[in-house]
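Asks: Please see the structure below; I have some questions.
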Amino acid sequence: MRYLFLTLMTIFLLTGFSAPEPNEEVTVIVELEEKPETFIEEVERRWPRLEVVASYDTIFNGAAIRGTAAELEKVARMDAVKNQYPVHKYEALQEEGMSFSTELIRKKFQHPQTGKGVKVGIIDTGMDYNHPDLKQNFKGGYDTVDFDDDPMETKEEGATSHGTHVAGIIGADGEMKGMAPDSELYAYRALGPGGVGSSVQVIAAIEEAVEDGMDVINLSLGNDVNGPDWPTTHAVNKAIELGTVVVVAAGNSGPGGWTVGSPATSSEAITVGASALAQEAPFLKVAGERERIRIQTMAGSVPWDLTKKYPVRYVGKGDREWVNLQGKIALFERGGAPFSEKALMAYQKGAVAVLIYNNEEGAFQGGLDGVELPIPVASLSKEAGAWVKEKVVLQNQWVETVKVTLGDQVAPFSSRGPVTTNWEIKPDILAPGVNIHSTIPGGYESLQGTSMAAPHIAGIAALMKEAHPEWTPSEIKQALTSTADLVSNSKGPFPPTEQGAGFVNINEAIEPELLVEQSSLSFGKLEEKLFRKSLPLTVRNLTDKPMEITIEEPDRKKGESWTVPMTTEIPPEQTKDLKVELHVSSAFLEDGVHEGYLKVKAEENVFTVPYVYVKEESDYEIVSGFELNPMWQNDREASYRFHLAEPIDTLRVDLYRAGTLLSAGTLLELEDLDAGLIEGELDISEKNLEGSYLAIVSVETEDKESLYPFPIYIEGK
């Protein structure tokens with residue numbers, strides 16, 4: 001008995017839990033050599049006072065058993081027991097540690113709207129319309145994957161939950177209350193097993209939603225084509241033209257610039273980036289080092305609440321010979337196996353926590369695919385992972401977790417603008433997108449991404465539509481962007497291409513006093529050394545009193561000057577057309593993106609309008625979205641499509657077989673192409689193409705030559 005008690009105490013201390021008293025009841029998970037059925041029968045027969053809480057035979061073989069240390073002593077000595085682990089006290093995470101972001105926002109909401117009578121279409125992976133929080137608001141929809149009237153989430157192989165999570169944020173009405181809990185929800189399943197779909201399915205879903213009379217459409221999906229004229233972007237623009245408010249997630253390819261993709265590149269859509277609300281965030285600290293490393297808990301993980309110092313063991317990608325990780329933090333490199341598989345292996349070897357660092361530049365977000373573990377799992381950037389290896393692993397140091405209070409932030413994963421070709425600012429606005437708790441099939445889960453931020457805005461748009469049914473999609477967007485609050489840190493506001501107009505202000509958006517028609521000002525790409533351009537700035541007074549408007553020019557920098565209107569009075573419920581002019585001497589400016597905010601002062605209120613212009617070259621990709629699709633009704637032809645961010649002199653596409661990288665020849669050669677969407681057909685009758693390839697697209701301009709790789713798959717007949 002003394003042996004087991006000391007063993008349990010050691011495990012609890014090493015894993016950061018308080019040790020149990022000898023007669024205190026605890027729950028342990030025992031790992032078994034084989035399936036648990038026979039073991040459980042033996043335990044229940046020999047020790048009826050022990051409680052078998054659960055059994056496991058999918059992610060590993062084992063059982064959770066509750067009893068005192070004295071009672072569990074005999075179980076630990078059974079031959080079938082391979083290992084044992086404590087059960088963390090936050091098993092009931094949904095009850096104790098998690099709140100719904102929608103409730104936090106609605107607590108500040110001062111208006112009576114609930115979205116009643118407003119139809120919201122959710123183009124996504126479908127919806128579990130039997131969920132108790134969603135079933136009363138679900139009104140219908142369509143499935144453009146299976147082409148039927150049943151938009152249920154994929155339940156079998158490649159099961160999904162994304163669309164149900166999005167739906168809960170918009171219109172749940174049960175244990176969870178969405179942003180618009182009385183709205184009418186319609187699901188359009190355009191993404192099938194694994195959450196994958198084509199632009200054809202997405203466009204078909206947009207068309208179905210518009211024909212069904214949706215007031216608002218939410219698109220928490222996208223691609224990596226940073227351009228304004230991809231087919232899905234055109235479809236979104238058409239839906240807006242026909243009177244539907246369309247909200248689109250910006251994407252999760254941040255923190256680099258030029259990462260927003262279609263259809264979030266639509267000029268008319270409301271493109272939403274993700275923010276993290278003010279919170280305590282975990283950082284890793286090492287004795288003697290001033291630098292602290294921020295970690296990002298993965299979706300589906302328990303919180304990172306370690307309270308002691310621990311050693312870190314580097315285990316590569318998880319494909320090397322496994323070692324004992326008892327009482328250690330396991331450090332993985334991304335790749336080679338799913339995150340959940342890495343975490344489970346580490347847990348089975350006794351790790352107290354898991355860190356997975358990126359295998360390419362920057363940070364990343366990840367999830368555990370429904371695998372529930374009692375230890376925290378978090379991600380690191382590639383740079384942070386290298387720091388941990390150098391400062392901790394190689395120097396045999398122990399790390400300590402410290403909590404740092406952060407203000408509102410732009411989420412690192414949130415895609416940034418601007419958009420190539422038209423050089424516009426995206427996203428337009430921010431909403432909560434980090435650790436968002438919402439509905440999934442069978443329950444609730446926390447996820448993060450701009451996919452979670454967009455439905456907050458879609459729900460708010462439904463409230464606005466209820467309050468102002470006569471408002472057009474443009475007016476709803478203007479109200480959101482005109483009233484948003486800039487998100488700042490110690491260095492000042494985050495740039496416009498990261499946050500757009502700022503974080504949504506739900507109360508002011510419902511009843512704004514002033515509308516600025518232009519959500520942002522794009523002066524384009526400077527082509528001359530002496531550049532001069534004026535843009536309209538239309539301001540609308542929605543109050544019943546005269547409003548005095550003053551526009552304050554941005555802080556001056558060398559080579560840049562502004563001409564703004566003098567103080568202007570706008571009569572009640574009237575509109576004033578103003579003009580802002582930018583003068584640039586490009587010789588004094590560095591290449592790249594130049595951006596900031598104009599201040600519009602209306603008596604005591606200050607409104608901000610983002611602006612941007614681009615000088616010469618920047619770090620955007622010239623070619624994006626290359627596709628090749630055989631047209632099997634004609635054995636000789638295939639269609640191709642890609643986007644160009646700027647005009648080019650020559651373009652060549654060479655094919656290499658995936659795996660061997662043996663050349664399959666030159667596919668395409670073109671000259672003198674303008675920026676925008678490039679489409680065409682070509683003869684492939686003599687190439688015998690089928691299977692996986694790597695397409696290398698090389699382009700030449702006056703100044704440089706660039707190469708861009710695109711994996712493609714060519715189906716057989």
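Ordering of the structure tokens sets the chain letters (A, B, ...); residue numbers start at 1 within each chain; ligands are numbered from 1 in the order shown.
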Select from range 225-365 of chain A everything DSSP, run on the backbone, classes as strand (DSSP E), then give the selection as number ranges by chain.

Replies: A: 245-249, 270-276, 279-286, 293-294, 296-297, 310-314, 329-333, 353-357

Asks: For Glu390 in chain A, list every protein, DNA or RNA residue within 12 Å, evaluated using only C-alpha atoms, and leave out those in the same chain fewer than 5 positions away; present the list as a PDB file with N, CA and C atoms, in the first residue's frame.

Replies:
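The result, written out as result-v8.pdb:
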ATOM      1  N   VAL A 286      12.830  30.607 -18.892  1.00  0.00           N
ATOM      2  CA  VAL A 286      13.987  29.825 -18.468  1.00  0.00           C
ATOM      3  C   VAL A 286      14.875  30.711 -17.600  1.00  0.00           C
ATOM      4  N   GLU A 289      17.433  33.718 -18.713  1.00  0.00           N
ATOM      5  CA  GLU A 289      17.105  34.224 -20.048  1.00  0.00           C
ATOM      6  C   GLU A 289      16.020  35.295 -19.932  1.00  0.00           C
ATOM      7  N   VAL A 312      12.453  19.484 -20.566  1.00  0.00           N
ATOM      8  CA  VAL A 312      11.880  19.302 -21.896  1.00  0.00           C
ATOM      9  C   VAL A 312      12.694  18.250 -22.632  1.00  0.00           C
ATOM     10  N   ARG A 313      12.017  17.299 -23.275  1.00  0.00           N
ATOM     11  CA  ARG A 313      12.700  16.255 -24.040  1.00  0.00           C
ATOM     12  C   ARG A 313      12.318  16.385 -25.503  1.00  0.00           C
ATOM     13  N   TYR A 314      13.321  16.526 -26.372  1.00  0.00           N
ATOM     14  CA  TYR A 314      13.077  16.634 -27.809  1.00  0.00           C
ATOM     15  C   TYR A 314      12.891  15.238 -28.385  1.00  0.00           C
ATOM     16  N   GLU A 383      10.644  29.495 -35.014  1.00  0.00           N
ATOM     17  CA  GLU A 383      11.699  30.223 -34.319  1.00  0.00           C
ATOM     18  C   GLU A 383      11.677  29.917 -32.822  1.00  0.00           C
ATOM     19  N   ALA A 384      10.481  29.849 -32.237  1.00  0.00           N
ATOM     20  CA  ALA A 384      10.366  29.544 -30.808  1.00  0.00           C
ATOM     21  C   ALA A 384      10.819  28.116 -30.518  1.00  0.00           C
ATOM     22  N   GLY A 385      10.492  27.190 -31.433  1.00  0.00           N
ATOM     23  CA  GLY A 385      10.935  25.810 -31.250  1.00  0.00           C
ATOM     24  C   GLY A 385      12.453  25.694 -31.238  1.00  0.00           C
ATOM     25  N   GLN A 395      20.849  22.595 -23.112  1.00  0.00           N
ATOM     26  CA  GLN A 395      21.515  23.055 -21.896  1.00  0.00           C
ATOM     27  C   GLN A 395      20.923  22.427 -20.631  1.00  0.00           C
ATOM     28  N   ASN A 396      20.059  21.406 -20.839  1.00  0.00           N
ATOM     29  CA  ASN A 396      19.476  20.672 -19.704  1.00  0.00           C
ATOM     30  C   ASN A 396      18.809  21.612 -18.690  1.00  0.00           C
ATOM     31  N   GLN A 397      18.122  22.617 -19.187  1.00  0.00           N
ATOM     32  CA  GLN A 397      17.390  23.544 -18.334  1.00  0.00           C
ATOM     33  C   GLN A 397      15.955  23.061 -18.131  1.00  0.00           C
TER      34      GLN A 397
END

Asks: Using backbone DSSP assignments, extract all alpha helix (DSSP H) residues from range 299-471 of chain A; output them as an mmCIF file with all heavy atoms, in the first residue's frame.

Replies:
data_model
loop_
_atom_site.group_PDB
_atom_site.id
_atom_site.type_symbol
_atom_site.label_atom_id
_atom_site.label_comp_id
_atom_site.auth_asym_id
_atom_site.auth_seq_id
_atom_site.Cartn_x
_atom_site.Cartn_y
_atom_site.Cartn_z
ATOM 1 N N PHE A 339 -1.240 15.765 -35.182
ATOM 2 C CA PHE A 339 -0.982 16.333 -33.854
ATOM 3 C C PHE A 339 -1.521 15.423 -32.750
ATOM 4 O O PHE A 339 -0.870 15.208 -31.731
ATOM 5 C CB PHE A 339 -1.639 17.711 -33.729
ATOM 6 C CG PHE A 339 -1.223 18.690 -34.778
ATOM 7 C CD1 PHE A 339 -2.153 19.490 -35.415
ATOM 8 C CD2 PHE A 339 0.113 18.821 -35.138
ATOM 9 C CE1 PHE A 339 -1.772 20.396 -36.386
ATOM 10 C CE2 PHE A 339 0.503 19.731 -36.101
ATOM 11 C CZ PHE A 339 -0.444 20.516 -36.732
ATOM 12 N N SER A 340 -2.730 14.877 -32.962
ATOM 13 C CA SER A 340 -3.354 14.044 -31.934
ATOM 14 C C SER A 340 -2.545 12.777 -31.690
ATOM 15 O O SER A 340 -2.437 12.308 -30.552
ATOM 16 C CB SER A 340 -4.780 13.687 -32.343
ATOM 17 O OG SER A 340 -4.806 13.072 -33.614
ATOM 18 N N GLU A 341 -1.965 12.225 -32.741
ATOM 19 C CA GLU A 341 -1.161 11.005 -32.596
ATOM 20 C C GLU A 341 0.124 11.289 -31.820
ATOM 21 O O GLU A 341 0.530 10.514 -30.949
ATOM 22 C CB GLU A 341 -0.841 10.440 -33.971
ATOM 23 C CG GLU A 341 -0.165 9.084 -33.942
ATOM 24 C CD GLU A 341 0.028 8.508 -35.328
ATOM 25 O OE1 GLU A 341 -0.936 8.585 -36.130
ATOM 26 O OE2 GLU A 341 1.129 8.000 -35.622
ATOM 27 N N LYS A 342 0.756 12.405 -32.114
ATOM 28 C CA LYS A 342 1.964 12.782 -31.370
ATOM 29 C C LYS A 342 1.633 12.958 -29.889
ATOM 30 O O LYS A 342 2.337 12.467 -29.003
ATOM 31 C CB LYS A 342 2.540 14.099 -31.917
ATOM 32 C CG LYS A 342 3.094 14.044 -33.331
ATOM 33 C CD LYS A 342 3.510 15.452 -33.755
ATOM 34 C CE LYS A 342 3.882 15.524 -35.231
ATOM 35 N NZ LYS A 342 5.216 15.009 -35.492
ATOM 36 N N ALA A 343 0.546 13.698 -29.623
ATOM 37 C CA ALA A 343 0.173 13.984 -28.237
ATOM 38 C C ALA A 343 -0.172 12.709 -27.482
ATOM 39 O O ALA A 343 0.210 12.530 -26.314
ATOM 40 C CB ALA A 343 -1.006 14.956 -28.213
ATOM 41 N N LEU A 344 -0.896 11.805 -28.129
ATOM 42 C CA LEU A 344 -1.271 10.549 -27.475
ATOM 43 C C LEU A 344 -0.036 9.709 -27.142
ATOM 44 O O LEU A 344 0.068 9.142 -26.048
ATOM 45 C CB LEU A 344 -2.229 9.766 -28.370
ATOM 46 C CG LEU A 344 -2.655 8.395 -27.845
ATOM 47 C CD1 LEU A 344 -3.343 8.519 -26.491
ATOM 48 C CD2 LEU A 344 -3.567 7.691 -28.856
ATOM 49 N N MET A 345 0.900 9.634 -28.085
ATOM 50 C CA MET A 345 2.120 8.859 -27.827
ATOM 51 C C MET A 345 2.888 9.435 -26.643
ATOM 52 O O MET A 345 3.380 8.698 -25.783
ATOM 53 C CB MET A 345 3.000 8.839 -29.086
ATOM 54 C CG MET A 345 2.450 7.994 -30.219
ATOM 55 S SD MET A 345 3.644 7.755 -31.568
ATOM 56 C CE MET A 345 3.769 9.411 -32.216
ATOM 57 N N ALA A 346 2.978 10.773 -26.604
ATOM 58 C CA ALA A 346 3.694 11.401 -25.494
ATOM 59 C C ALA A 346 2.976 11.152 -24.169
ATOM 60 O O ALA A 346 3.609 10.870 -23.137
ATOM 61 C CB ALA A 346 3.834 12.899 -25.750
ATOM 62 N N TYR A 347 1.663 11.244 -24.185
ATOM 63 C CA TYR A 347 0.867 11.012 -22.979
ATOM 64 C C TYR A 347 1.072 9.591 -22.463
ATOM 65 O O TYR A 347 1.243 9.347 -21.259
ATOM 66 C CB TYR A 347 -0.595 11.280 -23.301
ATOM 67 C CG TYR A 347 -1.579 10.829 -22.251
ATOM 68 C CD1 TYR A 347 -1.493 11.285 -20.938
ATOM 69 C CD2 TYR A 347 -2.612 9.953 -22.584
ATOM 70 C CE1 TYR A 347 -2.408 10.878 -19.988
ATOM 71 C CE2 TYR A 347 -3.524 9.545 -21.640
ATOM 72 C CZ TYR A 347 -3.417 10.006 -20.339
ATOM 73 O OH TYR A 347 -4.326 9.596 -19.397
ATOM 74 N N GLN A 348 1.080 8.635 -23.389
ATOM 75 C CA GLN A 348 1.273 7.238 -22.991
ATOM 76 C C GLN A 348 2.662 6.994 -22.398
ATOM 77 O O GLN A 348 2.859 6.046 -21.634
ATOM 78 C CB GLN A 348 1.055 6.327 -24.205
ATOM 79 C CG GLN A 348 -0.396 6.277 -24.663
ATOM 80 C CD GLN A 348 -0.572 5.531 -25.966
ATOM 81 O OE1 GLN A 348 0.352 5.415 -26.770
ATOM 82 N NE2 GLN A 348 -1.765 5.011 -26.196
ATOM 83 N N LYS A 382 8.264 28.168 -35.560
ATOM 84 C CA LYS A 382 9.533 27.507 -35.863
ATOM 85 C C LYS A 382 10.666 28.161 -35.088
ATOM 86 O O LYS A 382 11.548 27.472 -34.544
ATOM 87 C CB LYS A 382 9.816 27.586 -37.370
ATOM 88 C CG LYS A 382 11.088 26.872 -37.798
ATOM 89 C CD LYS A 382 11.270 26.945 -39.310
ATOM 90 C CE LYS A 382 12.531 26.191 -39.743
ATOM 91 N NZ LYS A 382 12.715 26.247 -41.218
ATOM 92 N N GLU A 383 10.644 29.495 -35.014
ATOM 93 C CA GLU A 383 11.699 30.223 -34.319
ATOM 94 C C GLU A 383 11.677 29.917 -32.822
ATOM 95 O O GLU A 383 12.725 29.721 -32.186
ATOM 96 C CB GLU A 383 11.523 31.722 -34.541
ATOM 97 C CG GLU A 383 11.603 32.163 -36.006
ATOM 98 C CD GLU A 383 10.366 31.859 -36.824
ATOM 99 O OE1 GLU A 383 9.299 31.560 -36.220
ATOM 100 O OE2 GLU A 383 10.457 31.890 -38.066
ATOM 101 N N ALA A 384 10.481 29.849 -32.237
ATOM 102 C CA ALA A 384 10.366 29.544 -30.808
ATOM 103 C C ALA A 384 10.819 28.116 -30.518
ATOM 104 O O ALA A 384 11.441 27.841 -29.489
ATOM 105 C CB ALA A 384 8.928 29.758 -30.343
ATOM 106 N N GLY A 385 10.492 27.190 -31.433
ATOM 107 C CA GLY A 385 10.935 25.810 -31.250
ATOM 108 C C GLY A 385 12.453 25.694 -31.238
ATOM 109 O O GLY A 385 13.034 24.963 -30.420
ATOM 110 N N ALA A 386 13.105 26.446 -32.137
ATOM 111 C CA ALA A 386 14.571 26.440 -32.166
ATOM 112 C C ALA A 386 15.139 27.016 -30.875
ATOM 113 O O ALA A 386 16.157 26.530 -30.349
ATOM 114 C CB ALA A 386 15.068 27.231 -33.375
ATOM 115 N N TRP A 387 14.475 28.029 -30.344
ATOM 116 C CA TRP A 387 14.923 28.647 -29.086
ATOM 117 C C TRP A 387 14.823 27.648 -27.933
ATOM 118 O O TRP A 387 15.731 27.538 -27.119
ATOM 119 C CB TRP A 387 14.067 29.875 -28.800
ATOM 120 C CG TRP A 387 14.522 30.702 -27.631
ATOM 121 C CD1 TRP A 387 15.367 31.768 -27.650
ATOM 122 C CD2 TRP A 387 14.133 30.538 -26.265
ATOM 123 N NE1 TRP A 387 15.543 32.270 -26.394
ATOM 124 C CE2 TRP A 387 14.798 31.541 -25.510
ATOM 125 C CE3 TRP A 387 13.301 29.644 -25.590
ATOM 126 C CZ2 TRP A 387 14.643 31.668 -24.137
ATOM 127 C CZ3 TRP A 387 13.150 29.773 -24.223
ATOM 128 C CH2 TRP A 387 13.804 30.766 -23.501
ATOM 129 N N VAL A 388 13.711 26.908 -27.867
ATOM 130 C CA VAL A 388 13.542 25.914 -26.798
ATOM 131 C C VAL A 388 14.593 24.820 -26.911
ATOM 132 O O VAL A 388 15.169 24.378 -25.904
ATOM 133 C CB VAL A 388 12.113 25.328 -26.834
ATOM 134 C CG1 VAL A 388 11.988 24.164 -25.843
ATOM 135 C CG2 VAL A 388 11.086 26.399 -26.512
ATOM 136 N N THR A 450 -10.309 32.368 -38.220
ATOM 137 C CA THR A 450 -11.209 33.400 -38.743
ATOM 138 C C THR A 450 -12.565 32.799 -39.098
ATOM 139 O O THR A 450 -13.554 33.519 -39.220
ATOM 140 C CB THR A 450 -10.600 34.098 -39.974
ATOM 141 O OG1 THR A 450 -10.307 33.120 -40.979
ATOM 142 C CG2 THR A 450 -9.317 34.835 -39.605
ATOM 143 N N SER A 451 -12.614 31.455 -39.228
ATOM 144 C CA SER A 451 -13.899 30.773 -39.413
ATOM 145 C C SER A 451 -14.830 31.015 -38.245
ATOM 146 O O SER A 451 -16.053 30.972 -38.392
ATOM 147 C CB SER A 451 -13.686 29.262 -39.567
ATOM 148 O OG SER A 451 -13.156 28.945 -40.816
ATOM 149 N N MET A 452 -14.263 31.238 -37.064
ATOM 150 C CA MET A 452 -15.061 31.498 -35.866
ATOM 151 C C MET A 452 -15.360 32.993 -35.723
ATOM 152 O O MET A 452 -16.370 33.381 -35.130
ATOM 153 C CB MET A 452 -14.314 31.022 -34.614
ATOM 154 C CG MET A 452 -14.297 29.522 -34.385
ATOM 155 S SD MET A 452 -13.392 28.550 -35.610
ATOM 156 C CE MET A 452 -14.771 27.704 -36.422
ATOM 157 N N ALA A 453 -14.483 33.832 -36.276
ATOM 158 C CA ALA A 453 -14.705 35.280 -36.205
ATOM 159 C C ALA A 453 -15.835 35.710 -37.135
ATOM 160 O O ALA A 453 -16.698 36.521 -36.754
ATOM 161 C CB ALA A 453 -13.413 36.019 -36.559
ATOM 162 N N ALA A 454 -15.859 35.178 -38.351
ATOM 163 C CA ALA A 454 -16.861 35.598 -39.338
ATOM 164 C C ALA A 454 -18.292 35.418 -38.848
ATOM 165 O O ALA A 454 -19.117 36.325 -39.009
ATOM 166 C CB ALA A 454 -16.634 34.853 -40.653
ATOM 167 N N PRO A 455 -18.668 34.274 -38.251
ATOM 168 C CA PRO A 455 -20.070 34.144 -37.827
ATOM 169 C C PRO A 455 -20.483 35.101 -36.711
ATOM 170 O O PRO A 455 -21.674 35.378 -36.564
ATOM 171 C CB PRO A 455 -20.163 32.675 -37.383
ATOM 172 C CG PRO A 455 -18.765 32.225 -37.146
ATOM 173 C CD PRO A 455 -17.936 33.003 -38.108
ATOM 174 N N HIS A 456 -19.531 35.603 -35.913
ATOM 175 C CA HIS A 456 -19.889 36.671 -34.980
ATOM 176 C C HIS A 456 -20.447 37.868 -35.755
ATOM 177 O O HIS A 456 -21.469 38.456 -35.379
ATOM 178 C CB HIS A 456 -18.664 37.115 -34.177
ATOM 179 C CG HIS A 456 -18.281 36.200 -33.059
ATOM 180 N ND1 HIS A 456 -17.462 35.111 -33.248
ATOM 181 C CD2 HIS A 456 -18.606 36.200 -31.741
ATOM 182 C CE1 HIS A 456 -17.296 34.493 -32.085
ATOM 183 N NE2 HIS A 456 -17.975 35.135 -31.158
ATOM 184 N N ILE A 457 -19.769 38.227 -36.843
ATOM 185 C CA ILE A 457 -20.216 39.372 -37.651
ATOM 186 C C ILE A 457 -21.497 39.037 -38.410
ATOM 187 O O ILE A 457 -22.393 39.888 -38.543
ATOM 188 C CB ILE A 457 -19.104 39.807 -38.622
ATOM 189 C CG1 ILE A 457 -17.859 40.250 -37.852
ATOM 190 C CG2 ILE A 457 -19.595 40.930 -39.529
ATOM 191 C CD1 ILE A 457 -18.078 41.437 -36.929
ATOM 192 N N ALA A 458 -21.622 37.791 -38.891
ATOM 193 C CA ALA A 458 -22.858 37.407 -39.586
ATOM 194 C C ALA A 458 -24.047 37.510 -38.643
ATOM 195 O O ALA A 458 -25.133 37.967 -39.030
ATOM 196 C CB ALA A 458 -22.724 35.983 -40.140
ATOM 197 N N GLY A 459 -23.856 37.078 -37.386
ATOM 198 C CA GLY A 459 -24.933 37.195 -36.407
ATOM 199 C C GLY A 459 -25.272 38.638 -36.101
ATOM 200 O O GLY A 459 -26.452 39.007 -35.985
ATOM 201 N N ILE A 460 -24.242 39.478 -35.975
ATOM 202 C CA ILE A 460 -24.480 40.904 -35.731
ATOM 203 C C ILE A 460 -25.175 41.540 -36.934
ATOM 204 O O ILE A 460 -26.068 42.392 -36.779
ATOM 205 C CB ILE A 460 -23.153 41.616 -35.410
ATOM 206 C CG1 ILE A 460 -22.605 41.110 -34.067
ATOM 207 C CG2 ILE A 460 -23.331 43.133 -35.372
ATOM 208 C CD1 ILE A 460 -21.195 41.572 -33.757
ATOM 209 N N ALA A 461 -24.791 41.120 -38.143
ATOM 210 C CA ALA A 461 -25.464 41.635 -39.342
ATOM 211 C C ALA A 461 -26.946 41.280 -39.323
ATOM 212 O O ALA A 461 -27.793 42.061 -39.783
ATOM 213 C CB ALA A 461 -24.800 41.085 -40.597
ATOM 214 N N ALA A 462 -27.284 40.098 -38.793
ATOM 215 C CA ALA A 462 -28.693 39.713 -38.681
ATOM 216 C C ALA A 462 -29.428 40.638 -37.712
ATOM 217 O O ALA A 462 -30.584 41.021 -37.948
ATOM 218 C CB ALA A 462 -28.806 38.262 -38.223
ATOM 219 N N LEU A 463 -28.767 41.004 -36.607
ATOM 220 C CA LEU A 463 -29.371 41.959 -35.664
ATOM 221 C C LEU A 463 -29.590 43.307 -36.342
ATOM 222 O O LEU A 463 -30.630 43.960 -36.147
ATOM 223 C CB LEU A 463 -28.467 42.133 -34.446
ATOM 224 C CG LEU A 463 -28.103 40.882 -33.637
ATOM 225 C CD1 LEU A 463 -27.172 41.250 -32.485
ATOM 226 C CD2 LEU A 463 -29.352 40.189 -33.121
ATOM 227 N N MET A 464 -28.600 43.737 -37.137
ATOM 228 C CA MET A 464 -28.708 45.018 -37.829
ATOM 229 C C MET A 464 -29.830 44.985 -38.868
ATOM 230 O O MET A 464 -30.549 45.970 -39.056
ATOM 231 C CB MET A 464 -27.367 45.355 -38.483
ATOM 232 C CG MET A 464 -26.228 45.522 -37.479
ATOM 233 S SD MET A 464 -24.590 45.606 -38.254
ATOM 234 C CE MET A 464 -24.675 47.212 -39.033
ATOM 235 N N LYS A 465 -29.970 43.840 -39.537
ATOM 236 C CA LYS A 465 -31.022 43.711 -40.549
ATOM 237 C C LYS A 465 -32.406 43.745 -39.905
ATOM 238 O O LYS A 465 -33.361 44.295 -40.473
ATOM 239 C CB LYS A 465 -30.827 42.406 -41.323
ATOM 240 C CG LYS A 465 -31.639 42.321 -42.603
ATOM 241 C CD LYS A 465 -31.150 43.303 -43.653
ATOM 242 C CE LYS A 465 -31.928 43.167 -44.949
ATOM 243 N NZ LYS A 465 -31.541 44.184 -45.953
ATOM 244 N N GLU A 466 -32.527 43.162 -38.703
ATOM 245 C CA GLU A 466 -33.802 43.240 -37.986
ATOM 246 C C GLU A 466 -34.109 44.686 -37.592
ATOM 247 O O GLU A 466 -35.248 45.150 -37.723
ATOM 248 C CB GLU A 466 -33.756 42.358 -36.738
ATOM 249 C CG GLU A 466 -35.062 42.400 -35.936
ATOM 250 C CD GLU A 466 -34.957 41.709 -34.588
ATOM 251 O OE1 GLU A 466 -33.890 41.125 -34.283
ATOM 252 O OE2 GLU A 466 -35.944 41.756 -33.827
ATOM 253 N N ALA A 467 -33.076 45.396 -37.105
ATOM 254 C CA ALA A 467 -33.273 46.778 -36.665
ATOM 255 C C ALA A 467 -33.531 47.714 -37.838
ATOM 256 O O ALA A 467 -34.287 48.691 -37.714
ATOM 257 C CB ALA A 467 -32.051 47.246 -35.874
#

Asks: Neighbouring residues of Ala287 in chain A were defined as those with any atom within 9 Å, considering only C-alpha atoms; residues of the same chain fewer than 6 positions away were excluded. Please report them as an mmCIF file with all heavy atoms, in the first residue's frame.

Replies:
data_model
loop_
_atom_site.group_PDB
_atom_site.id
_atom_site.type_symbol
_atom_site.label_atom_id
_atom_site.label_comp_id
_atom_site.auth_asym_id
_atom_site.auth_seq_id
_atom_site.Cartn_x
_atom_site.Cartn_y
_atom_site.Cartn_z
ATOM 1 N N GLN A 397 18.122 22.617 -19.187
ATOM 2 C CA GLN A 397 17.390 23.544 -18.334
ATOM 3 C C GLN A 397 15.955 23.061 -18.131
ATOM 4 O O GLN A 397 15.450 22.214 -18.878
ATOM 5 C CB GLN A 397 17.373 24.940 -18.969
ATOM 6 C CG GLN A 397 18.729 25.600 -19.045
ATOM 7 C CD GLN A 397 19.073 26.322 -17.748
ATOM 8 O OE1 GLN A 397 18.468 26.076 -16.702
ATOM 9 N NE2 GLN A 397 20.042 27.194 -17.812
ATOM 10 N N TRP A 398 15.301 23.591 -17.118
ATOM 11 C CA TRP A 398 13.890 23.334 -16.884
ATOM 12 C C TRP A 398 13.121 24.611 -17.207
ATOM 13 O O TRP A 398 13.623 25.713 -16.985
ATOM 14 C CB TRP A 398 13.637 22.937 -15.421
ATOM 15 C CG TRP A 398 14.150 21.556 -15.078
ATOM 16 C CD1 TRP A 398 15.262 20.953 -15.558
ATOM 17 C CD2 TRP A 398 13.560 20.638 -14.166
ATOM 18 N NE1 TRP A 398 15.418 19.709 -15.009
ATOM 19 C CE2 TRP A 398 14.382 19.479 -14.141
ATOM 20 C CE3 TRP A 398 12.428 20.672 -13.352
ATOM 21 C CZ2 TRP A 398 14.105 18.379 -13.348
ATOM 22 C CZ3 TRP A 398 12.142 19.567 -12.551
ATOM 23 C CH2 TRP A 398 12.963 18.428 -12.560
ATOM 24 N N VAL A 399 11.900 24.460 -17.740
ATOM 25 C CA VAL A 399 11.100 25.619 -18.096
ATOM 26 C C VAL A 399 10.002 25.844 -17.068
ATOM 27 O O VAL A 399 9.478 24.900 -16.466
ATOM 28 C CB VAL A 399 10.464 25.491 -19.496
ATOM 29 C CG1 VAL A 399 11.514 25.484 -20.572
ATOM 30 C CG2 VAL A 399 9.575 24.281 -19.588
ATOM 31 N N GLU A 400 9.660 27.099 -16.918
ATOM 32 C CA GLU A 400 8.593 27.503 -16.013
ATOM 33 C C GLU A 400 7.512 28.193 -16.829
ATOM 34 O O GLU A 400 7.798 28.920 -17.787
ATOM 35 C CB GLU A 400 9.157 28.467 -14.967
ATOM 36 C CG GLU A 400 8.126 29.038 -14.017
ATOM 37 C CD GLU A 400 8.732 30.063 -13.077
ATOM 38 O OE1 GLU A 400 9.928 30.401 -13.234
ATOM 39 O OE2 GLU A 400 8.006 30.538 -12.188
#

Asks: Might you pull out every residue within 9 Å of range 547-553 of chain A, with only C-alpha atoms counted and same-chain residues fewer than 5 positions away left off, and present them as a PyMOL selection string?

Replies: chain A and resi 539+541+561-572+597-603
